[in-house]
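The structure appears below as structure tokens.
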Amino acid sequence: MTVIGRPLDRVDGRVKTTGAARFAAEHPYPGLAHAALVPATISRGRITTLHTGEASAVPGVIAVLTHLNAPELKPAPKVTPLRLSSLVSGTSVGYLQTDEVHWDGQPIAVVVAETSAAAREAAALVRADYAPAPAMVDFAAAEADARPQRGNPLMPGEAKKGDAEAALAAAPVALDLRYTTPPHHHNALEPHATTAVWDGDRLTVHDATQAIDWFRAHLAVRFGIPAADVRVLAPFVGGGFGGKVSIWPGTILAALAARATGRPVRLALTREDVYRTVGGRTPSIQRVALGATRDGKLTALVHTSVTRTGRVGGLPEQVTSQSRHLYDAENIFLRQSIVPLDLLSNTSMRAPGESIGTFALEAAIDELACELDLDPIELRMRNEPAVNPMDGKKFAHRMLREAYAVGAERFGWHERDPRPRSMRDGRWLVGMGVASAYHPSWRFAANVTVRLSADGTVLVRCGFQEMGMGGATAQAQIAADALGVPFEAVRVEYGDSALPMSPNAGGSAQTASVAGGVLEACGRLKRSLAAMARRTGGDTPETILRRANLPYAEAAAGSDTRFGRISGQVRFMANLLREQRRWVKAASGAQFCEVRVDPDTGEVRVSRWLGVFDIGTVVNAKTAASQLRGGIVMGLGMALSEETLVDPRTGRIMNAGLAEYHVPVHADIPPIEVSFLDDPDPTMPLGILGAGEVGITGVAAAVANAVHHATGTRVRDLPITLDKLL
Amino acid sequence: MRSFSYLSAPDVETALRVIADGEGVKFLGGGTNLVDLMREGIERPATVVDITRLPLTGIEELPGGGVRVGALVRNSRLAADLLIRTRYPVLAQAVLHGASAQLRNMATVGGNLLQRTRCLYFYDGAAACNKRAPGSGCDAIGGFSRGGAILGASEHCVAAHPSDMAVALAMLDAVVEVESVRGVRRIPIADFHRLPGDTPHIETALAADELITAVELPPVPVAANSRYRKVRDRASYAFALVSVAAALNVEDGVVTEARLALGGVGTKPWRATEAERALLGAPATEDAFRRAAEAELAAAVAGPQNAFKIELARRTIVATLRRLLTEGSAA
């Protein structure tokens, strides 16, 4: 009986709920010392004096490491096709190697002590004198300095079809709108943490990471040792959302502190440390301009964005990505621009690009629907493309029509009176809104070994990351079906760089990528068992192995030798580019939102939610629904309350904690219904399109559209706080 | 956190003697604010005296209809008490709008009165703040001041008082009983919290050696028809942008008694005496409510980020009075 699709409990649920699971900051070592960071309090300049005397005098302090006494760290190497691991370098700064300060929050010292309390108290006593230099930290003021963003073969920074500006000027109906989104932070439940242990020149690191293999490669380079001498373990990670893809100062400084003191060192970041030393989502300023005929055919679509990076690093976001694929406009112009500031590098955060890009695009489509007096779903259907609008490439899978049809029926969309401010429930104004969800699907190379033992058990080994998505459970389901064994017979080892190489947990690609490797290895294993059976006889795997007098049979997908990894990577990239030229692959969906707004105070309460998603094959209906629901919750925070406050005078984050950075609380979250179309994509392993990120996309737009329906007010600047509705 | 000595006081006398004799002594009740501030390095006591064993946990009815609440009564117990819920629904509701269930289970009445502001610049050791470091300046002015006060601020400090409970106490004319080795004092709530002026670091009338022992609620018959409305940035677990504590008596369509206090907008729990004056004898209409709100808010001063609070306060006052009229004190 097949187990793929079944809502099985996660295999690591028990150890997590009982507290038996050990996270990065929970590994005991004899002689373990604790480290704490001292953050800079200027945005740019030089340290002139560091006063460490008071800190050193705190009982229990072992060392106060600064740029004056820290061991050498090699610079972060440039990214090359053979050194993609440098992509994980959060910043280009040599921590404790320089007196230069590049952002407010850059660690300028690390205290190592016998207890974390002593380390933190001493860190608070380190004082610095600075020679500040002029810093540009005000994103809004820097908008005019933005320059076109460099693209890459997978994501061009600019794209056009026809002449969108001319079509806009000639359009019978035209809108030209400006949207803004603020900086965000991930706020994973587990703050970043590292336990680092040196054994001679060999380094073991327990880390909260989404990128085990690249962490290993990068740490090896920074500390000048062979990659084979670095082991990174991350069997449990308490949420990442992109914030744990890159190596931030904490990981490197824990290893540096361990090397300097000769002690195993644990560095568990405080929540404030996370804000100051781990990048967040860039703010954005977006223009969406739409031209249409009176009957709602799009003639022009312009979507441009300005985002920021840090001067010392940062990932450009594909803010206009979804605008290449969602609407069949005759003329399209897309451009992404970027401005570097003296702030910590921004980084990927759940659906980088699409989460904020769908806000602007999908809110603008709703505005056009109002302008045209058309139902917003109908407007979308009139512009639903048959092929990719930019270039005529085929969609590997496209089920937005079905998603909207199913959603409208289930949500009771037909009961919506289209006039704004027309629906009420007691004193509350009621509004309903929709928006499309969209996230590209990726697949990367994963090396996997699968072993079938004579006792009938199966061991799947792959160094992938588990941050709560249910990765091990899903891969066990996949292997069980591939080999025809019970789910309970499969054990999955993951979260360790000593295992076969896995790609990062990113781009919603992990399940499909690892599944590709699992299926390949299982296929080989079955073929070799069949060959064995022909030689020695036997009709079940157990009898075949017993007759062949073997304890187990094993097969691998991919090779972990240096040559094997490089050739595997090259082959894979070539495949990927070929596929990208042929297909457009994406997960998508329709988000339905109902809000209630207090007409006196402008308070918005989301009262109902339905998301209908096309994520291809659903491997585990329970964990997939949780992923999507989590994305929606995060999207509600983005829509209504989340905003990192960067003081434009100083570049300092002023709400570096959960008291003042308002993630949604339980009372903010309505019942969320998640529905899958569950139809396999023919071009992806097992038909999986990925579920990690598509859930957050479109959420903020659906809320903004529902708020407009309830109140008649368009809020184009996130978050939709009540003052914008007074 | 700085190392400190810890003492658990067996009785009030010992607690008072320790604080009278020592330097840098702080009382520890529920710890929901003090421990936070110690972790942030804002409070750095040398000695912490745990007072949770002191016999200050009663809620007693007083002759004449008032109620005496011990300073160590937990917030959750105060909100659940039948006397409080029937005579002072506004107080029970205010407490339940504060913090989270876990925090309310720990937080005490005395500690709640001493809560310190949530101003972002007060909490950030790298920022200038006259409240935290007298004379250093105020980075909140011209900075993120969405949470800042619009009433009672000075050029030295714009920090809003964070308590919900204290707003209801202000409305109820509560009296704070304090004790030291020098004796017992009774401080009217209106005098307990101070305006910042040019000494924003001095927040209350409590002397350095005094312990809050009780809060007395006088008989306030109109409070039987009272309610608390809190408006904030999410549905729960956030400090007030604006809150309103209100009680109303209306006879033949005319307001015969009105009490009003505001939270989230003042540098101290804000008794809205101008609004009360305007309401008295006025018709119980939306217009009159609005005029009363405007009378109170005429003195409001806001920056670009908290200017909305003037309009929000006006609307919330009107909406709260309207609901009192139609729904009474039903939560």
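Lettering and numbering for the structure tokens are positional, with chains as A, B, ... in the shown order, residues counted from 1 in each chain, and ligands counted from 1 in the shown order.
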Give me, as a short mmCIF file (atom, residue, chain, number, x, y, z; two decimals) with all heavy atoms, in the first residue's frame, the residues of chain A touching chain B, with the criterion being at most 8 Å (counting only C-alpha atoms).
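The resulting file, out.cif, is reproduced below:
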```
data_model
loop_
_atom_site.label_atom_id
_atom_site.label_comp_id
_atom_site.auth_asym_id
_atom_site.auth_seq_id
_atom_site.Cartn_x
_atom_site.Cartn_y
_atom_site.Cartn_z
N THR A 41 28.28 49.99 17.96
CA THR A 41 27.12 50.87 18.09
C THR A 41 27.22 52.06 17.13
O THR A 41 26.55 53.06 17.31
CB THR A 41 26.98 51.37 19.53
OG1 THR A 41 28.22 51.96 19.94
CG2 THR A 41 26.63 50.24 20.47
N ALA A 117 26.20 33.46 31.63
CA ALA A 117 25.87 34.68 32.37
C ALA A 117 27.10 35.56 32.51
O ALA A 117 27.02 36.79 32.30
CB ALA A 117 25.30 34.32 33.75
N ALA A 118 28.23 34.97 32.84
CA ALA A 118 29.46 35.76 32.99
C ALA A 118 29.87 36.35 31.65
O ALA A 118 30.28 37.51 31.56
CB ALA A 118 30.58 34.89 33.57
N ARG A 120 27.98 37.13 29.11
CA ARG A 120 27.08 38.22 28.71
C ARG A 120 27.30 39.47 29.56
O ARG A 120 27.28 40.59 29.06
CB ARG A 120 25.63 37.77 28.79
CG ARG A 120 25.28 36.91 27.59
CD ARG A 120 23.87 36.39 27.58
NE ARG A 120 23.75 35.43 26.47
CZ ARG A 120 22.73 34.61 26.31
NH1 ARG A 120 21.73 34.62 27.17
NH2 ARG A 120 22.70 33.80 25.28
N GLU A 121 27.49 39.28 30.86
CA GLU A 121 27.73 40.44 31.72
C GLU A 121 29.02 41.13 31.30
O GLU A 121 29.08 42.36 31.18
CB GLU A 121 27.79 40.00 33.19
CG GLU A 121 28.25 41.06 34.17
CD GLU A 121 27.32 42.28 34.24
OE1 GLU A 121 26.22 42.22 33.67
OE2 GLU A 121 27.73 43.29 34.85
N ALA A 124 28.71 43.10 28.13
CA ALA A 124 28.03 44.38 28.32
C ALA A 124 28.98 45.44 28.87
O ALA A 124 28.70 46.64 28.80
CB ALA A 124 26.83 44.20 29.25
N ASP A 600 -14.40 52.36 14.05
CA ASP A 600 -13.95 53.46 14.91
C ASP A 600 -12.43 53.53 14.96
O ASP A 600 -11.85 54.61 14.87
CB ASP A 600 -14.48 53.26 16.33
CG ASP A 600 -15.98 53.45 16.41
OD1 ASP A 600 -16.47 54.45 15.83
OD2 ASP A 600 -16.66 52.61 17.02
N THR A 601 -11.79 52.38 15.14
CA THR A 601 -10.36 52.39 15.46
C THR A 601 -9.47 51.90 14.31
O THR A 601 -8.25 52.03 14.40
CB THR A 601 -10.10 51.46 16.65
OG1 THR A 601 -10.50 50.13 16.29
CG2 THR A 601 -10.88 51.91 17.88
N GLU A 603 -8.84 48.87 13.60
CA GLU A 603 -8.23 47.57 13.89
C GLU A 603 -8.73 46.54 12.88
O GLU A 603 -9.93 46.43 12.62
CB GLU A 603 -8.63 47.09 15.29
CG GLU A 603 -8.02 47.88 16.43
CD GLU A 603 -8.85 47.74 17.69
OE1 GLU A 603 -9.99 48.25 17.71
OE2 GLU A 603 -8.36 47.11 18.63
N ARG A 605 -9.01 42.56 11.88
CA ARG A 605 -8.94 41.18 12.36
C ARG A 605 -9.25 40.26 11.19
O ARG A 605 -10.31 40.38 10.58
CB ARG A 605 -9.97 40.93 13.48
CG ARG A 605 -9.77 41.80 14.70
CD ARG A 605 -8.60 41.35 15.56
NE ARG A 605 -8.44 42.19 16.74
CZ ARG A 605 -7.56 43.19 16.84
NH1 ARG A 605 -6.75 43.47 15.83
NH2 ARG A 605 -7.47 43.91 17.93
N SER A 641 1.44 43.56 10.78
CA SER A 641 2.15 44.07 11.96
C SER A 641 3.66 44.04 11.92
O SER A 641 4.29 44.72 12.70
CB SER A 641 1.67 43.28 13.19
OG SER A 641 1.90 41.89 13.00
N LEU A 645 12.37 48.19 12.64
CA LEU A 645 12.55 49.64 12.69
C LEU A 645 14.04 49.97 12.68
O LEU A 645 14.74 49.77 13.66
CB LEU A 645 11.89 50.20 13.95
CG LEU A 645 10.39 49.92 14.09
CD1 LEU A 645 9.87 50.37 15.45
CD2 LEU A 645 9.62 50.62 12.98
N ASP A 647 16.56 52.88 12.58
CA ASP A 647 16.56 54.33 12.79
C ASP A 647 17.35 55.00 11.65
O ASP A 647 18.54 54.74 11.49
CB ASP A 647 17.20 54.66 14.15
CG ASP A 647 16.90 56.09 14.57
OD1 ASP A 647 16.95 56.99 13.71
OD2 ASP A 647 16.61 56.31 15.77
N ARG A 649 18.50 57.77 11.34
CA ARG A 649 19.57 58.69 11.78
C ARG A 649 20.86 57.92 12.08
O ARG A 649 21.95 58.47 11.99
CB ARG A 649 19.13 59.43 13.05
CG ARG A 649 17.86 60.26 12.86
CD ARG A 649 17.32 60.77 14.20
NE ARG A 649 16.97 59.67 15.10
CZ ARG A 649 16.47 59.84 16.32
NH1 ARG A 649 16.27 61.05 16.79
NH2 ARG A 649 16.18 58.79 17.07
N MET A 654 15.90 49.38 16.16
CA MET A 654 15.38 49.84 17.45
C MET A 654 14.37 48.88 18.08
O MET A 654 13.95 49.08 19.21
CB MET A 654 14.75 51.23 17.30
CG MET A 654 15.75 52.34 17.00
SD MET A 654 17.20 52.35 18.12
CE MET A 654 16.40 52.51 19.71
N ASN A 655 13.92 47.89 17.34
CA ASN A 655 12.98 46.93 17.95
C ASN A 655 13.54 45.52 17.82
O ASN A 655 12.89 44.63 17.28
CB ASN A 655 11.58 47.05 17.32
CG ASN A 655 11.59 46.80 15.82
OD1 ASN A 655 12.63 46.88 15.17
ND2 ASN A 655 10.43 46.48 15.27
N ALA A 659 9.24 41.68 21.77
CA ALA A 659 8.29 42.56 22.45
C ALA A 659 7.81 43.65 21.51
O ALA A 659 6.64 44.03 21.53
CB ALA A 659 8.92 43.18 23.69
N GLU A 660 8.69 44.14 20.67
CA GLU A 660 8.33 45.30 19.85
C GLU A 660 8.33 45.00 18.35
O GLU A 660 7.86 45.81 17.56
CB GLU A 660 9.28 46.48 20.14
CG GLU A 660 9.37 46.85 21.62
CD GLU A 660 8.06 47.38 22.18
OE1 GLU A 660 7.19 47.79 21.39
OE2 GLU A 660 7.91 47.37 23.42
N HIS A 662 6.41 42.94 16.03
CA HIS A 662 5.14 42.27 16.28
C HIS A 662 4.87 41.14 15.30
O HIS A 662 4.28 41.35 14.24
CB HIS A 662 4.00 43.27 16.24
CG HIS A 662 3.99 44.20 17.41
ND1 HIS A 662 3.49 45.48 17.35
CD2 HIS A 662 4.41 44.04 18.69
CE1 HIS A 662 3.61 46.06 18.53
NE2 HIS A 662 4.16 45.20 19.37
N PRO A 664 2.59 37.81 14.54
CA PRO A 664 1.22 37.56 14.97
C PRO A 664 1.20 36.70 16.24
O PRO A 664 2.06 35.84 16.42
CB PRO A 664 0.60 36.77 13.81
CG PRO A 664 1.50 36.98 12.66
CD PRO A 664 2.86 37.25 13.21
N VAL A 665 0.24 36.96 17.12
CA VAL A 665 0.01 36.07 18.25
C VAL A 665 -1.19 35.19 17.89
O VAL A 665 -1.84 35.40 16.88
CB VAL A 665 -0.25 36.87 19.55
CG1 VAL A 665 0.99 37.66 19.94
CG2 VAL A 665 -1.45 37.79 19.40
N ALA A 667 -4.10 35.05 18.91
CA ALA A 667 -5.37 35.76 18.76
C ALA A 667 -5.49 36.46 17.41
O ALA A 667 -6.58 36.87 17.01
CB ALA A 667 -5.54 36.78 19.90
N ASP A 668 -4.38 36.62 16.70
CA ASP A 668 -4.44 37.26 15.38
C ASP A 668 -4.75 36.27 14.27
O ASP A 668 -4.98 36.67 13.13
CB ASP A 668 -3.07 37.89 15.06
CG ASP A 668 -2.78 39.10 15.93
OD1 ASP A 668 -3.61 40.02 15.93
OD2 ASP A 668 -1.74 39.11 16.60
N THR A 721 -1.23 48.93 9.41
CA THR A 721 -1.53 49.24 10.81
C THR A 721 -2.75 50.15 10.86
O THR A 721 -3.11 50.79 9.87
CB THR A 721 -0.32 49.91 11.48
OG1 THR A 721 0.19 50.92 10.61
CG2 THR A 721 0.77 48.89 11.76
N LEU A 722 -3.37 50.20 12.03
CA LEU A 722 -4.67 50.86 12.12
C LEU A 722 -4.62 52.34 11.81
O LEU A 722 -5.60 52.91 11.33
CB LEU A 722 -5.29 50.59 13.49
CG LEU A 722 -4.47 51.01 14.72
CD1 LEU A 722 -4.76 52.45 15.10
CD2 LEU A 722 -4.83 50.09 15.89
N ASP A 723 -3.46 52.99 12.04
CA ASP A 723 -3.40 54.43 11.78
C ASP A 723 -3.63 54.74 10.30
O ASP A 723 -4.07 55.82 9.94
CB ASP A 723 -2.04 54.99 12.23
CG ASP A 723 -0.88 54.16 11.72
OD1 ASP A 723 -0.75 53.00 12.15
OD2 ASP A 723 -0.11 54.67 10.87
N LEU A 726 -7.51 55.25 9.68
CA LEU A 726 -8.34 56.20 10.44
C LEU A 726 -8.94 57.24 9.52
O LEU A 726 -8.32 57.67 8.57
CB LEU A 726 -7.50 56.88 11.53
CG LEU A 726 -7.09 56.01 12.70
CD1 LEU A 726 -6.24 56.78 13.69
CD2 LEU A 726 -8.31 55.43 13.41
#
```
Residues at most 6 Å from stretch 259-264 of chain A, counting only C-alpha atoms, excluding those fewer than 4 positions away in the same chain, as JSON, numbers by chain? {"A": [32, 196, 197]}
Produce a file of the selected residues containing N, CA and C atoms, as a compact mmCIF listing (two decimals), in the first residue's frame.
```txt
# COMPACT_ATOMS: atom_id res chain seq x y z
N LEU A 32 33.39 22.78 28.42
CA LEU A 32 32.68 23.72 27.53
C LEU A 32 32.73 25.15 28.08
N ALA A 196 31.28 24.82 18.96
CA ALA A 196 32.45 24.53 18.12
C ALA A 196 33.52 23.84 18.95
N VAL A 197 34.09 22.76 18.38
CA VAL A 197 35.09 21.96 19.09
C VAL A 197 36.25 21.67 18.15
```
Non-local contacts of B:Ser180 (7 Å; only C-alpha atoms; under 6 positions in same chain excluded) as a count of residues only: 4
Have a look at A:Ile338, A:Leu203, A:Ile566, A:Met638 and name the one nearest to A:Ser355; count only C-alpha atoms.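 Nearest to A:Ser355: A:Met638.
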Mind pulling up the distance from atom CA of A:Asp598 to atom CA of A:Trp428? 5.1 Å
Which value, in Å to one decimal, gives the distance between atom CA of B:Ala9 and atom CA of B:Lys26?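 So the answer is 11.9 Å.
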Which residues come within 6 Å of stretch 80-97 of chain A, counting only C-alpha atoms, excluding same-chain residues fewer than 3 positions away, as a short mmCIF file (atom, residue, chain, number, x, y, z; two decimals) with N, CA and C atoms, in the first residue's frame?
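Output file selection10.cif follows:
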```cif
data_model
loop_
_atom_site.label_atom_id
_atom_site.label_comp_id
_atom_site.auth_asym_id
_atom_site.auth_seq_id
_atom_site.Cartn_x
_atom_site.Cartn_y
_atom_site.Cartn_z
N THR A 66 39.47 40.41 20.59
CA THR A 66 39.20 41.60 19.78
C THR A 66 40.07 41.51 18.53
N HIS A 67 40.01 42.54 17.69
CA HIS A 67 40.87 42.54 16.49
C HIS A 67 42.35 42.63 16.87
N TRP A 214 27.68 23.59 2.52
CA TRP A 214 28.36 24.85 2.23
C TRP A 214 29.01 25.44 3.50
N SER A 246 22.84 31.48 5.27
CA SER A 246 24.19 32.05 5.22
C SER A 246 24.91 31.85 6.54
N ILE A 247 26.24 31.97 6.47
CA ILE A 247 27.06 31.94 7.69
C ILE A 247 27.14 33.35 8.23
N TRP A 248 26.65 33.56 9.42
CA TRP A 248 26.70 34.88 10.06
C TRP A 248 27.83 34.88 11.08
N VAL A 312 28.65 45.46 2.57
CA VAL A 312 29.53 44.31 2.80
C VAL A 312 28.87 42.99 2.40
N GLY A 313 27.80 43.08 1.64
CA GLY A 313 27.19 41.84 1.16
C GLY A 313 25.67 41.91 1.18
#
```
Please indicate the distance in Å from atom CA of A:Arg524 to atom CA of A:Val492, rounded to one decimal place.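 Calculated distance between atom CA of A:Arg524 and atom CA of A:Val492 is 17.9 Å.
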Which residues, written as a ChimeraX atom specification, have at least one atom at most 6 Å from stretch 84-101 of chain B, with only C-alpha atoms counted and residues fewer than 3 positions away on the same chain left out? /B:79,81,104,164-165,168,223-224,226-228,237
Looking at B:Leu34, B:Leu103, B:Ala160, B:Leu54, which one is nearest to B:Pro10, with distances taken over only C-alpha atoms?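 Using only C-alpha atoms, the shortest distance to B:Pro10 belongs to B:Leu54.
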Set the distance at 10 Å and use only C-alpha atoms: which residues neighbour B:Gln115 once local chain neighbours fewer than 4 positions away are removed? I'd like the list as a VMD selection string. chain B and resid 32 to 34 110 to 111 161 to 163 166 203
Export all heavy atoms of the chosen residues as a short mmCIF file (atom, residue, chain, number, x, y, z; two decimals), in the first residue's frame?
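And here's again_36.cif as it stands now:
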```cif
data_model
loop_
_atom_site.label_atom_id
_atom_site.label_comp_id
_atom_site.auth_asym_id
_atom_site.auth_seq_id
_atom_site.Cartn_x
_atom_site.Cartn_y
_atom_site.Cartn_z
N THR B 32 8.32 40.33 36.63
CA THR B 32 8.05 40.36 35.18
C THR B 32 8.65 41.59 34.50
O THR B 32 8.90 41.55 33.30
CB THR B 32 6.54 40.33 34.90
OG1 THR B 32 5.92 41.41 35.59
CG2 THR B 32 5.93 39.02 35.36
N ASN B 33 8.88 42.65 35.23
CA ASN B 33 9.53 43.81 34.63
C ASN B 33 10.97 43.95 35.13
O ASN B 33 11.89 44.17 34.35
CB ASN B 33 8.72 45.07 34.94
CG ASN B 33 9.07 46.24 34.03
OD1 ASN B 33 8.88 47.39 34.39
ND2 ASN B 33 9.60 46.00 32.84
N LEU B 34 11.16 43.79 36.45
CA LEU B 34 12.50 43.98 37.03
C LEU B 34 13.53 43.03 36.40
O LEU B 34 14.63 43.45 36.03
CB LEU B 34 12.45 43.78 38.55
CG LEU B 34 13.81 43.91 39.24
CD1 LEU B 34 14.34 45.34 39.13
CD2 LEU B 34 13.74 43.49 40.71
N GLY B 110 1.50 45.75 43.13
CA GLY B 110 2.52 46.77 43.43
C GLY B 110 3.52 46.91 42.29
O GLY B 110 3.88 48.03 41.90
N GLY B 111 3.93 45.79 41.74
CA GLY B 111 4.89 45.83 40.64
C GLY B 111 4.31 46.47 39.40
O GLY B 111 5.00 47.23 38.70
N HIS B 161 3.45 55.90 29.61
CA HIS B 161 3.36 54.93 30.70
C HIS B 161 2.70 53.67 30.15
O HIS B 161 1.71 53.75 29.44
CB HIS B 161 2.55 55.50 31.86
CG HIS B 161 2.72 54.72 33.12
ND1 HIS B 161 1.94 53.63 33.39
CD2 HIS B 161 3.60 54.84 34.14
CE1 HIS B 161 2.33 53.11 34.56
NE2 HIS B 161 3.33 53.84 35.04
N PRO B 162 3.22 52.48 30.47
CA PRO B 162 2.74 51.27 29.79
C PRO B 162 1.58 50.54 30.45
O PRO B 162 0.98 49.66 29.84
CB PRO B 162 3.98 50.36 29.82
CG PRO B 162 4.68 50.75 31.09
CD PRO B 162 4.41 52.21 31.30
N SER B 163 1.25 50.86 31.69
CA SER B 163 0.32 50.01 32.44
C SER B 163 -1.13 50.15 31.97
O SER B 163 -1.58 51.24 31.63
CB SER B 163 0.39 50.35 33.93
OG SER B 163 -0.59 49.64 34.65
N ALA B 166 -3.04 50.51 35.88
CA ALA B 166 -2.93 51.82 36.52
C ALA B 166 -3.91 52.84 35.92
O ALA B 166 -4.32 53.79 36.58
CB ALA B 166 -1.50 52.33 36.43
N GLU B 203 10.09 58.68 38.51
CA GLU B 203 8.82 58.32 37.87
C GLU B 203 7.64 58.32 38.83
O GLU B 203 6.50 58.45 38.41
CB GLU B 203 8.96 56.95 37.20
CG GLU B 203 9.96 57.02 36.04
CD GLU B 203 10.31 55.68 35.45
OE1 GLU B 203 9.96 54.64 36.03
OE2 GLU B 203 10.96 55.67 34.39
#
```
Which neighbours of A:Ile669 fall inside 7 Å, counting only C-alpha atoms, when residues of the same chain fewer than 3 positions from it are skipped, and could you give them as an MDAnalysis selection string? chainID A and resid 606 633 666
Picked from stretch 127-222 of chain B by DSSP as strand (DSSP E), as a PyMOL selection string: chain B and resi 175-180+183-188+211-217
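If you measure from each of B:Gly29, B:Gly24, B:Gly303, B:Gly58 to B:Asn112 using only C-alpha atoms, the closest one turns out to be B:Gly29.
Proximity to A:Gly687 was assessed for A:Pro551, A:Pro418, A:Gly616, A:Gly631 counting only C-alpha atoms; the smallest distance is recorded for A:Gly616.
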